[in-house]
$ cat target39.txt   # compact mmCIF, N, CA and C atoms
# COMPACT_ATOMS: atom_id res chain seq x y z
N MET N 15 247.35 135.57 59.59
CA MET N 15 247.03 135.75 60.98
C MET N 15 246.96 134.37 61.64
N ASP N 16 247.73 134.15 62.66
CA ASP N 16 247.73 132.84 63.30
C ASP N 16 246.65 132.78 64.38
N SER N 17 246.46 131.57 64.93
CA SER N 17 245.37 131.36 65.88
C SER N 17 245.60 132.09 67.20
N ALA N 18 246.85 132.47 67.51
CA ALA N 18 247.13 133.16 68.77
C ALA N 18 246.61 134.59 68.73
N THR N 19 246.58 135.21 67.54
CA THR N 19 246.13 136.60 67.44
C THR N 19 244.69 136.72 66.96
N THR N 20 244.02 135.58 66.67
CA THR N 20 242.63 135.63 66.22
C THR N 20 241.73 136.01 67.39
N PRO N 21 240.90 137.03 67.23
CA PRO N 21 240.02 137.43 68.34
C PRO N 21 238.94 136.38 68.57
N LEU N 22 238.58 136.22 69.82
CA LEU N 22 237.54 135.27 70.21
C LEU N 22 236.19 135.94 70.04
N THR N 23 235.29 135.28 69.31
CA THR N 23 233.97 135.84 69.10
C THR N 23 232.96 135.10 69.97
N ILE N 24 232.24 135.84 70.75
CA ILE N 24 231.21 135.26 71.61
C ILE N 24 229.86 135.78 71.13
N THR N 25 228.99 134.84 70.80
CA THR N 25 227.67 135.25 70.34
C THR N 25 226.79 135.56 71.54
N LYS N 26 225.68 136.24 71.26
CA LYS N 26 224.78 136.63 72.34
C LYS N 26 224.19 135.42 73.05
N SER N 27 223.91 134.34 72.30
CA SER N 27 223.29 133.16 72.92
C SER N 27 224.26 132.45 73.86
N ASP N 28 225.59 132.56 73.61
CA ASP N 28 226.56 131.92 74.48
C ASP N 28 226.67 132.64 75.83
N SER N 29 226.59 133.96 75.80
CA SER N 29 226.81 134.72 77.02
C SER N 29 225.51 135.10 77.71
N ASP N 30 224.37 134.81 77.10
CA ASP N 30 223.08 135.20 77.66
C ASP N 30 222.70 134.26 78.80
N PRO N 31 222.62 134.75 80.04
CA PRO N 31 222.28 133.86 81.16
C PRO N 31 220.84 133.39 81.13
N THR N 32 219.98 134.09 80.40
CA THR N 32 218.58 133.67 80.36
C THR N 32 218.40 132.38 79.56
N THR N 33 219.31 132.11 78.61
CA THR N 33 219.21 130.88 77.82
C THR N 33 219.41 129.66 78.70
N SER N 34 220.46 129.67 79.52
CA SER N 34 220.70 128.53 80.40
C SER N 34 219.62 128.43 81.47
N LEU N 35 219.12 129.57 81.95
CA LEU N 35 218.04 129.56 82.93
C LEU N 35 216.77 128.98 82.32
N ARG N 36 216.50 129.33 81.07
CA ARG N 36 215.31 128.83 80.38
C ARG N 36 215.42 127.32 80.19
N ARG N 37 216.61 126.83 79.82
CA ARG N 37 216.81 125.39 79.66
C ARG N 37 216.61 124.67 80.98
N SER N 38 217.14 125.23 82.04
CA SER N 38 217.01 124.63 83.36
C SER N 38 215.55 124.58 83.79
N MET N 39 214.82 125.65 83.54
CA MET N 39 213.41 125.69 83.93
C MET N 39 212.60 124.71 83.11
N LEU N 40 212.92 124.54 81.82
CA LEU N 40 212.20 123.58 80.99
C LEU N 40 212.45 122.15 81.47
N SER N 41 213.69 121.83 81.81
CA SER N 41 213.96 120.47 82.28
C SER N 41 213.28 120.21 83.62
N GLN N 42 213.21 121.23 84.48
CA GLN N 42 212.48 121.08 85.73
C GLN N 42 210.99 120.89 85.49
N LEU N 43 210.45 121.63 84.52
CA LEU N 43 209.03 121.51 84.20
C LEU N 43 208.73 120.11 83.66
N TYR N 44 209.57 119.62 82.74
CA TYR N 44 209.35 118.27 82.19
C TYR N 44 209.45 117.22 83.29
N GLY N 45 210.40 117.36 84.20
CA GLY N 45 210.52 116.41 85.29
C GLY N 45 209.31 116.45 86.21
N PHE N 46 208.80 117.65 86.50
CA PHE N 46 207.62 117.79 87.32
C PHE N 46 206.41 117.15 86.65
N LEU N 47 206.22 117.42 85.36
CA LEU N 47 205.09 116.83 84.64
C LEU N 47 205.19 115.30 84.58
N ALA N 48 206.40 114.79 84.40
CA ALA N 48 206.58 113.33 84.36
C ALA N 48 206.27 112.72 85.72
N SER N 49 206.67 113.36 86.79
CA SER N 49 206.39 112.81 88.12
C SER N 49 204.90 112.86 88.43
N ILE N 50 204.23 113.94 88.07
CA ILE N 50 202.78 114.04 88.29
C ILE N 50 202.05 112.99 87.45
N THR N 51 202.47 112.80 86.20
CA THR N 51 201.84 111.80 85.35
C THR N 51 202.03 110.40 85.92
N ALA N 52 203.21 110.10 86.39
CA ALA N 52 203.45 108.78 86.99
C ALA N 52 202.62 108.60 88.25
N PHE N 53 202.51 109.64 89.06
CA PHE N 53 201.73 109.56 90.30
C PHE N 53 200.25 109.32 89.98
N VAL N 54 199.71 110.02 88.99
CA VAL N 54 198.30 109.84 88.60
C VAL N 54 198.09 108.44 88.03
N ALA N 55 199.02 107.95 87.22
CA ALA N 55 198.89 106.61 86.63
C ALA N 55 198.89 105.54 87.72
N VAL N 56 199.78 105.67 88.69
CA VAL N 56 199.81 104.70 89.80
C VAL N 56 198.53 104.79 90.61
N GLY N 57 198.01 106.00 90.82
CA GLY N 57 196.76 106.16 91.54
C GLY N 57 195.59 105.50 90.82
N ILE N 58 195.48 105.73 89.52
CA ILE N 58 194.42 105.09 88.74
C ILE N 58 194.57 103.58 88.77
N PHE N 59 195.78 103.09 88.66
CA PHE N 59 196.02 101.65 88.71
C PHE N 59 195.59 101.08 90.06
N ALA N 60 195.95 101.75 91.15
CA ALA N 60 195.59 101.26 92.48
C ALA N 60 194.08 101.29 92.69
N ILE N 61 193.43 102.36 92.25
CA ILE N 61 191.98 102.44 92.40
C ILE N 61 191.31 101.31 91.62
N ARG N 62 191.72 101.12 90.39
CA ARG N 62 191.12 100.07 89.56
C ARG N 62 191.41 98.69 90.13
N ALA N 63 192.57 98.49 90.73
CA ALA N 63 192.93 97.18 91.25
C ALA N 63 192.15 96.82 92.50
N TYR N 64 191.81 97.81 93.34
CA TYR N 64 191.20 97.51 94.63
C TYR N 64 189.71 97.82 94.74
N VAL N 65 189.18 98.60 93.82
CA VAL N 65 187.76 98.95 93.88
C VAL N 65 186.96 97.84 93.20
N PRO N 66 185.89 97.36 93.83
CA PRO N 66 185.07 96.31 93.21
C PRO N 66 184.37 96.81 91.94
N ASP N 67 184.07 95.88 91.06
CA ASP N 67 183.45 96.23 89.78
C ASP N 67 182.10 96.91 89.96
N TYR N 68 181.32 96.49 90.92
CA TYR N 68 179.98 97.09 91.06
C TYR N 68 180.07 98.55 91.50
N TRP N 69 181.12 98.96 92.19
CA TRP N 69 181.29 100.38 92.51
C TRP N 69 181.57 101.19 91.24
N LEU N 70 182.41 100.61 90.36
CA LEU N 70 182.70 101.31 89.09
C LEU N 70 181.44 101.41 88.24
N LEU N 71 180.63 100.36 88.21
CA LEU N 71 179.37 100.42 87.47
C LEU N 71 178.42 101.45 88.08
N TYR N 72 178.43 101.58 89.39
CA TYR N 72 177.54 102.52 90.08
C TYR N 72 177.87 103.97 89.71
N ILE N 73 179.18 104.28 89.54
CA ILE N 73 179.54 105.66 89.18
C ILE N 73 179.56 105.89 87.67
N GLY N 74 179.20 104.86 86.90
CA GLY N 74 179.04 105.05 85.46
C GLY N 74 180.21 104.58 84.61
N ILE N 75 181.20 103.93 85.20
CA ILE N 75 182.32 103.41 84.40
C ILE N 75 182.00 101.96 84.09
N ASP N 76 181.59 101.73 82.84
CA ASP N 76 181.21 100.37 82.49
C ASP N 76 182.11 99.75 81.43
N TYR N 77 183.05 100.51 80.90
CA TYR N 77 183.97 99.95 79.91
C TYR N 77 185.40 100.15 80.41
N TYR N 78 186.08 99.07 80.72
CA TYR N 78 187.46 99.09 81.18
C TYR N 78 188.08 97.74 80.83
N PRO N 79 189.39 97.70 80.69
CA PRO N 79 190.04 96.44 80.34
C PRO N 79 189.94 95.43 81.48
N SER N 80 190.15 94.16 81.15
CA SER N 80 190.08 93.14 82.18
C SER N 80 191.23 93.31 83.16
N ARG N 81 191.08 92.75 84.33
CA ARG N 81 192.11 92.88 85.37
C ARG N 81 193.40 92.16 84.99
N TYR N 82 193.32 91.21 84.08
CA TYR N 82 194.53 90.53 83.63
C TYR N 82 195.50 91.54 83.02
N TRP N 83 194.98 92.44 82.18
CA TRP N 83 195.84 93.39 81.51
C TRP N 83 196.42 94.40 82.48
N GLU N 84 195.73 94.68 83.56
CA GLU N 84 196.25 95.62 84.54
C GLU N 84 197.46 95.05 85.28
N LEU N 85 197.51 93.75 85.42
CA LEU N 85 198.67 93.12 86.04
C LEU N 85 199.65 92.60 84.99
N GLY N 86 199.12 92.18 83.86
CA GLY N 86 199.96 91.57 82.83
C GLY N 86 200.89 92.56 82.15
N VAL N 87 200.37 93.74 81.79
CA VAL N 87 201.19 94.71 81.05
C VAL N 87 202.34 95.25 81.91
N PRO N 88 202.12 95.69 83.16
CA PRO N 88 203.27 96.15 83.96
C PRO N 88 204.28 95.03 84.23
N THR N 89 203.76 93.81 84.47
CA THR N 89 204.68 92.68 84.69
C THR N 89 205.49 92.41 83.43
N TYR N 90 204.82 92.43 82.28
CA TYR N 90 205.51 92.21 81.01
C TYR N 90 206.58 93.28 80.79
N VAL N 91 206.27 94.53 81.08
CA VAL N 91 207.24 95.61 80.89
C VAL N 91 208.44 95.43 81.81
N MET N 92 208.19 95.09 83.09
CA MET N 92 209.31 94.90 84.02
C MET N 92 210.18 93.71 83.62
N VAL N 93 209.54 92.61 83.18
CA VAL N 93 210.32 91.44 82.75
C VAL N 93 211.13 91.78 81.50
N MET N 94 210.56 92.55 80.59
CA MET N 94 211.30 92.92 79.37
C MET N 94 212.49 93.82 79.69
N ILE N 95 212.36 94.68 80.69
CA ILE N 95 213.49 95.52 81.09
C ILE N 95 214.61 94.65 81.65
N VAL N 96 214.25 93.69 82.50
CA VAL N 96 215.26 92.78 83.07
C VAL N 96 215.91 91.95 81.96
N VAL N 97 215.12 91.44 81.03
CA VAL N 97 215.66 90.65 79.92
C VAL N 97 216.59 91.50 79.05
N ALA N 98 216.21 92.75 78.81
CA ALA N 98 217.07 93.63 78.00
C ALA N 98 218.40 93.87 78.69
N ILE N 99 218.39 94.11 80.00
CA ILE N 99 219.64 94.36 80.72
C ILE N 99 220.52 93.12 80.71
N VAL N 100 219.91 91.95 80.98
CA VAL N 100 220.69 90.70 80.99
C VAL N 100 221.22 90.39 79.59
N SER N 101 220.40 90.60 78.56
CA SER N 101 220.85 90.33 77.18
C SER N 101 221.99 91.26 76.79
N TYR N 102 221.89 92.53 77.12
CA TYR N 102 222.93 93.49 76.78
C TYR N 102 224.25 93.12 77.46
N THR N 103 224.16 92.76 78.74
CA THR N 103 225.37 92.36 79.47
C THR N 103 225.95 91.08 78.89
N SER N 104 225.09 90.12 78.55
CA SER N 104 225.56 88.85 77.98
C SER N 104 226.24 89.07 76.63
N LEU N 105 225.65 89.91 75.79
CA LEU N 105 226.26 90.18 74.49
C LEU N 105 227.62 90.86 74.65
N ASN N 106 227.76 91.72 75.64
CA ASN N 106 229.06 92.34 75.88
C ASN N 106 230.08 91.30 76.34
N PHE N 107 229.66 90.36 77.19
CA PHE N 107 230.58 89.30 77.60
C PHE N 107 230.99 88.43 76.41
N LEU N 108 230.04 88.15 75.52
CA LEU N 108 230.36 87.33 74.35
C LEU N 108 231.29 88.07 73.38
N ALA N 109 231.17 89.37 73.30
CA ALA N 109 232.00 90.15 72.37
C ALA N 109 233.40 90.41 72.91
N THR N 110 233.62 90.20 74.18
CA THR N 110 234.92 90.45 74.79
C THR N 110 235.83 89.26 74.57
N PRO N 111 237.05 89.48 74.08
CA PRO N 111 237.96 88.35 73.90
C PRO N 111 238.40 87.78 75.24
N PRO N 112 238.83 86.52 75.26
CA PRO N 112 239.28 85.92 76.52
C PRO N 112 240.52 86.63 77.06
N PRO N 113 240.80 86.48 78.36
CA PRO N 113 241.94 87.18 78.95
C PRO N 113 243.29 86.78 78.36
N THR N 114 243.38 85.60 77.76
CA THR N 114 244.66 85.16 77.18
C THR N 114 244.82 85.62 75.74
N SER N 115 243.89 86.37 75.21
CA SER N 115 243.93 86.78 73.82
C SER N 115 244.95 87.89 73.60
N MET N 116 245.69 87.78 72.52
CA MET N 116 246.63 88.83 72.15
C MET N 116 245.90 90.04 71.55
N LYS N 117 244.62 89.90 71.23
CA LYS N 117 243.84 91.03 70.73
C LYS N 117 243.69 92.11 71.79
N LEU N 118 243.89 91.75 73.04
CA LEU N 118 243.82 92.74 74.12
C LEU N 118 245.08 93.61 74.15
N ILE N 119 246.15 93.14 73.52
CA ILE N 119 247.41 93.88 73.54
C ILE N 119 247.71 94.49 72.18
N PHE N 120 247.49 93.73 71.11
CA PHE N 120 247.83 94.18 69.76
C PHE N 120 246.57 94.38 68.94
N ASP N 121 246.62 95.33 68.00
CA ASP N 121 245.53 95.51 67.07
C ASP N 121 246.09 95.53 65.66
N ASP N 122 245.30 95.94 64.68
CA ASP N 122 245.74 95.94 63.29
C ASP N 122 246.87 96.93 63.03
N TYR N 123 247.04 97.91 63.89
CA TYR N 123 248.03 98.95 63.68
C TYR N 123 249.32 98.74 64.49
N SER N 124 249.40 97.63 65.20
CA SER N 124 250.62 97.34 65.95
C SER N 124 251.75 97.02 64.98
N GLU N 125 252.96 97.52 65.31
CA GLU N 125 254.07 97.35 64.39
C GLU N 125 254.90 96.11 64.70
N ASP N 126 255.11 95.81 65.95
CA ASP N 126 255.93 94.67 66.31
C ASP N 126 255.05 93.45 66.52
N ILE N 127 255.37 92.38 65.83
CA ILE N 127 254.64 91.14 66.02
C ILE N 127 255.57 90.19 66.77
N LEU N 128 255.11 89.71 67.91
CA LEU N 128 255.94 88.84 68.72
C LEU N 128 256.00 87.45 68.10
N THR N 129 257.13 86.83 68.27
CA THR N 129 257.27 85.46 67.79
C THR N 129 257.56 84.57 68.98
N GLY N 130 257.30 83.31 68.83
CA GLY N 130 257.57 82.36 69.89
C GLY N 130 256.48 82.31 70.94
N ILE N 131 255.32 82.85 70.64
CA ILE N 131 254.21 82.79 71.59
C ILE N 131 253.36 81.57 71.24
N PRO N 132 252.98 80.77 72.21
CA PRO N 132 252.17 79.58 71.90
C PRO N 132 250.85 79.94 71.24
N ILE N 133 250.35 79.03 70.43
CA ILE N 133 249.11 79.23 69.69
C ILE N 133 248.00 78.41 70.36
N THR N 134 246.81 78.99 70.49
CA THR N 134 245.68 78.26 71.08
C THR N 134 245.00 77.42 70.00
N ASP N 135 243.94 76.72 70.39
CA ASP N 135 243.24 75.84 69.45
C ASP N 135 242.61 76.60 68.29
N ASP N 136 242.19 77.83 68.53
CA ASP N 136 241.56 78.59 67.44
C ASP N 136 242.57 79.33 66.57
N GLY N 137 243.85 79.07 66.76
CA GLY N 137 244.89 79.66 65.92
C GLY N 137 245.33 81.03 66.37
N GLU N 138 244.87 81.48 67.50
CA GLU N 138 245.22 82.79 67.99
C GLU N 138 246.35 82.66 69.02
N PRO N 139 247.34 83.56 68.98
CA PRO N 139 248.41 83.47 69.97
C PRO N 139 247.86 83.70 71.37
N ALA N 140 248.42 82.98 72.33
CA ALA N 140 247.94 83.10 73.71
C ALA N 140 249.06 83.63 74.60
N ILE N 141 248.67 84.19 75.70
CA ILE N 141 249.63 84.66 76.69
C ILE N 141 249.97 83.47 77.57
N GLU N 142 251.25 83.27 77.80
CA GLU N 142 251.65 82.14 78.63
C GLU N 142 251.17 82.35 80.06
N PRO N 143 250.75 81.27 80.72
CA PRO N 143 250.27 81.42 82.11
C PRO N 143 251.41 81.81 83.04
N LEU N 144 251.06 82.46 84.13
CA LEU N 144 252.05 82.84 85.13
C LEU N 144 252.60 81.59 85.78
N SER N 145 253.88 81.61 86.04
CA SER N 145 254.49 80.45 86.70
C SER N 145 255.71 80.93 87.49
N TYR N 146 256.14 80.09 88.39
CA TYR N 146 257.30 80.40 89.22
C TYR N 146 258.57 80.15 88.40
N MET N 147 259.48 81.11 88.46
CA MET N 147 260.78 80.93 87.80
C MET N 147 261.84 80.88 88.89
N SER N 148 262.70 79.91 88.76
CA SER N 148 263.76 79.81 89.76
C SER N 148 264.77 80.94 89.52
N ILE N 149 265.57 81.23 90.54
CA ILE N 149 266.57 82.29 90.44
C ILE N 149 267.63 81.95 89.40
N ASP N 150 267.85 80.64 89.20
CA ASP N 150 268.82 80.24 88.17
C ASP N 150 268.33 80.62 86.78
N GLN N 151 267.04 80.45 86.52
CA GLN N 151 266.50 80.82 85.21
C GLN N 151 266.57 82.33 84.99
N VAL N 152 266.28 83.09 86.03
CA VAL N 152 266.34 84.55 85.92
C VAL N 152 267.77 85.00 85.66
N ASN N 153 268.73 84.45 86.39
CA ASN N 153 270.14 84.81 86.18
C ASN N 153 270.59 84.44 84.79
N GLN N 154 270.17 83.27 84.30
CA GLN N 154 270.54 82.85 82.95
C GLN N 154 269.99 83.82 81.91
N MET N 155 268.74 84.29 82.10
CA MET N 155 268.14 85.24 81.16
C MET N 155 268.92 86.56 81.14
N PHE N 156 269.32 87.04 82.33
CA PHE N 156 270.10 88.28 82.39
C PHE N 156 271.49 88.11 81.78
N ASP N 157 272.09 86.96 82.00
CA ASP N 157 273.40 86.68 81.40
C ASP N 157 273.30 86.66 79.89
N ASP N 158 272.22 86.07 79.36
CA ASP N 158 272.04 86.02 77.91
C ASP N 158 271.81 87.42 77.34
N LEU N 159 271.12 88.28 78.08
CA LEU N 159 270.89 89.65 77.60
C LEU N 159 272.17 90.48 77.60
N ASN N 160 273.01 90.28 78.61
CA ASN N 160 274.24 91.07 78.72
C ASN N 160 275.34 90.60 77.81
N SER N 161 275.27 89.40 77.32
CA SER N 161 276.36 88.91 76.47
C SER N 161 276.09 89.11 75.01
$ encode --input "target39.txt" --output "structure tokens"
Amino acid sequence: MDSATTPLTITKSDSDPTTSLRRSMLSQLYGFLASITAFVAVGIFAIRAYVPDYWLLYIGIDYYPSRYWELGVPTYVMVMIVVAIVSYTSLNFLATPPPTSMKLIFDDYSEDILTGIPITDDGEPAIEPLSYMSIDQVNQMFDDLNS
């Protein structure tokens, strides 16, 4: 029996619309909970940052971290995110071969190896720079190809 005559089997979970609805509702619930949690965290941070210590002592909150950590930890997290993005981008730039590299054109599975290409200092073939060719040179090249 070939694949053209094989019947298509659809399971109940594939065709059940409640499964996709349930997934959608769960992702909405998680997003809602994350936004509420972030809103409460920012609120607590703002209250702690602007309320004087004697007010907190008056309502019975006598153990809390120093104000340095309230500014230091978010700043540290934001700086680490920026450093991670810059480092990731920099590593990608370092891993990319230069524009004159033949590695951009040929790989280990290429069959034709070009000859007569200039070699760079690191021993890798380079692409010749663009330059103006006179019409005489172009005609000579075509004459050599046709003969």
$ atom_distance --input "target39.txt" --atom1 "atom N of N:Val65" --atom2 "atom C of N:Tyr78"
13.1 Å
$ atom_distance --input "target39.txt" --atom1 "atom N of N:Ala52" --atom2 "atom N of N:Leu40"
18.0 Å
$ atom_distance --input "target39.txt" --atom1 "atom C of N:Tyr102" --atom2 "atom N of N:Tyr90"
20.0 Å
$ residues_around --input "target39.txt" --residues "stretch 67-71 of chain N" --least-positions-apart "6" --cutoff "12 Å" --atoms "only C-alpha atoms" --output "ChimeraX atom specification"
/N:61,77-81
$ write_last_selection --input "target39.txt" --atoms "N, CA and C atoms" --output "mmCIF file, keeping the file's coordinate frame"
data_model
loop_
_atom_site.group_PDB
_atom_site.id
_atom_site.type_symbol
_atom_site.label_atom_id
_atom_site.label_comp_id
_atom_site.auth_asym_id
_atom_site.auth_seq_id
_atom_site.Cartn_x
_atom_site.Cartn_y
_atom_site.Cartn_z
ATOM 1 N N ILE N 61 193.430 102.360 92.250
ATOM 2 C CA ILE N 61 191.980 102.440 92.400
ATOM 3 C C ILE N 61 191.310 101.310 91.620
ATOM 4 N N TYR N 77 183.050 100.510 80.900
ATOM 5 C CA TYR N 77 183.970 99.950 79.910
ATOM 6 C C TYR N 77 185.400 100.150 80.410
ATOM 7 N N TYR N 78 186.080 99.070 80.720
ATOM 8 C CA TYR N 78 187.460 99.090 81.180
ATOM 9 C C TYR N 78 188.080 97.740 80.830
ATOM 10 N N PRO N 79 189.390 97.700 80.690
ATOM 11 C CA PRO N 79 190.040 96.440 80.340
ATOM 12 C C PRO N 79 189.940 95.430 81.480
ATOM 13 N N SER N 80 190.150 94.160 81.150
ATOM 14 C CA SER N 80 190.080 93.140 82.180
ATOM 15 C C SER N 80 191.230 93.310 83.160
ATOM 16 N N ARG N 81 191.080 92.750 84.330
ATOM 17 C CA ARG N 81 192.110 92.880 85.370
ATOM 18 C C ARG N 81 193.400 92.160 84.990
#
